[in-house]
$ cat data.csv   # CSV, C-alpha atoms
chain,number,residue,atom,x,y,z
A,87,MET,CA,36.4,105.6,119.5
A,88,LYS,CA,33.8,107.7,117.9
A,89,PRO,CA,31.0,106.9,116.9
A,90,GLU,CA,30.7,104.4,119.7
A,91,LEU,CA,28.0,105.6,122.2
A,92,ASP,CA,30.2,104.9,125.2
A,93,VAL,CA,32.5,107.8,124.1
A,94,TYR,CA,29.7,110.2,124.2
A,95,THR,CA,28.3,109.0,127.5
A,96,TYR,CA,31.8,109.2,129.0
A,97,ALA,CA,32.1,112.8,127.9
A,98,ILE,CA,28.7,113.7,129.2
A,99,ASP,CA,29.5,112.1,132.6
A,100,ARG,CA,32.9,113.9,132.8
A,101,LEU,CA,31.3,117.3,131.9
A,102,GLY,CA,28.8,116.8,134.7
A,103,CYS,CA,25.9,118.3,132.8
A,104,ALA,CA,22.8,117.1,131.0
A,105,PRO,CA,23.5,116.0,127.4
A,106,GLN,CA,21.0,118.5,126.0
A,107,GLU,CA,23.3,121.3,127.4
A,108,ILE,CA,26.1,120.2,125.1
A,109,ALA,CA,26.7,121.5,121.6
A,110,PHE,CA,28.8,119.0,119.7
A,111,PHE,CA,30.3,119.8,116.3
A,112,ASP,CA,31.9,117.3,113.9
A,113,ASP,CA,32.5,116.9,110.2
A,114,ASN,CA,31.6,113.2,110.2
A,115,GLU,CA,27.9,112.5,109.9
A,116,ALA,CA,28.2,109.2,111.8
A,117,ASN,CA,29.7,111.0,114.8
A,118,VAL,CA,27.0,113.7,114.7
A,119,LYS,CA,24.3,111.0,114.6
A,120,ALA,CA,25.9,109.3,117.6
A,121,GLY,CA,25.9,112.6,119.5
A,122,VAL,CA,22.2,113.1,118.8
A,123,ALA,CA,21.6,109.5,119.9
A,124,ALA,CA,23.4,110.4,123.2
A,125,GLY,CA,21.1,113.3,123.7
A,126,MET,CA,23.5,116.1,122.6
A,127,ASN,CA,22.8,119.0,120.3
A,128,ALA,CA,25.0,117.7,117.5
A,129,TYR,CA,25.8,119.5,114.3
A,130,ARG,CA,27.7,118.6,111.2
A,131,VAL,CA,30.2,121.3,110.2
A,132,VAL,CA,33.0,121.3,107.6
A,133,GLY,CA,35.8,123.7,108.3
A,134,PHE,CA,36.2,126.7,110.5
A,135,GLU,CA,34.0,129.0,108.5
A,136,ASP,CA,31.1,126.5,108.7
A,137,LEU,CA,31.6,126.2,112.4
A,138,LYS,CA,31.6,129.9,112.9
A,139,ASP,CA,28.4,130.3,110.8
A,140,LYS,CA,26.7,127.5,112.8
A,141,LEU,CA,27.8,129.1,116.2
A,142,LYS,CA,26.3,132.5,115.0
A,143,ALA,CA,23.1,130.8,113.8
A,144,LEU,CA,22.7,129.2,117.2
A,145,ASP,CA,23.5,132.5,118.9
A,146,LEU,CA,26.6,131.0,120.6
A,147,LEU,CA,29.0,133.4,119.1

$ encode --input "data.csv" --output "structure tokens"
Amino acid sequence: MKPELDVYTYAIDRLGCAPQEIAFFDDNEANVKAGVAAGMNAYRVVGFEDLKDKLKALDLL
């Protein structure tokens, strides 16, 4: 279970890409920190509007 590092490395392996190519969003700071530790671009967002704003700021939307 998140925030165990194995969860993130499993997801990275399954996606078949480099961790720095992954944008990970979560509302739990511990999960975001674990995503960063796994090499992902991880961001804390709370709610859909916050996610939408972050995606726009990252030029992903």

$ closest_residue --input "data.csv" --among "A:Ala120, A:Ala104, A:Asn127, A:Phe111" --to "A:Met87" --atoms "all atoms listed in the file"
A:Ala120

$ residues_around --input "data.csv" --residues "A:Asp112" --least-positions-apart "2" --cutoff "10 Å" --atoms "only C-alpha atoms" --output "list in words"
Phe110, Asn114, Glu115, Ala116, Asn117, Val118, Lys119, Gly121, Ala128, Tyr129, Arg130, Val131, Val132, Gly133 and Leu137 of chain A

$ atom_distance --input "data.csv" --atom1 "atom CA of A:Leu101" --atom2 "atom CA of A:Met126"
12.2 Å

$ closest_residue --input "data.csv" --among "A:Asp113, A:Ala123, A:Pro105, A:Phe134" --to "A:Glu90" --atoms "only C-alpha atoms"
A:Ala123

$ atom_distance --input "data.csv" --atom1 "atom CA of A:Gln106" --atom2 "atom CA of A:Gly125"
5.7 Å

$ atom_distance --input "data.csv" --atom1 "atom CA of A:Ile108" --atom2 "atom CA of A:Asp139"
17.7 Å

$ closest_residue --input "data.csv" --among "A:Leu144, A:Lys138, A:Ala124, A:Arg100" --to "A:Lys88" --atoms "all atoms listed in the file"
A:Ala124
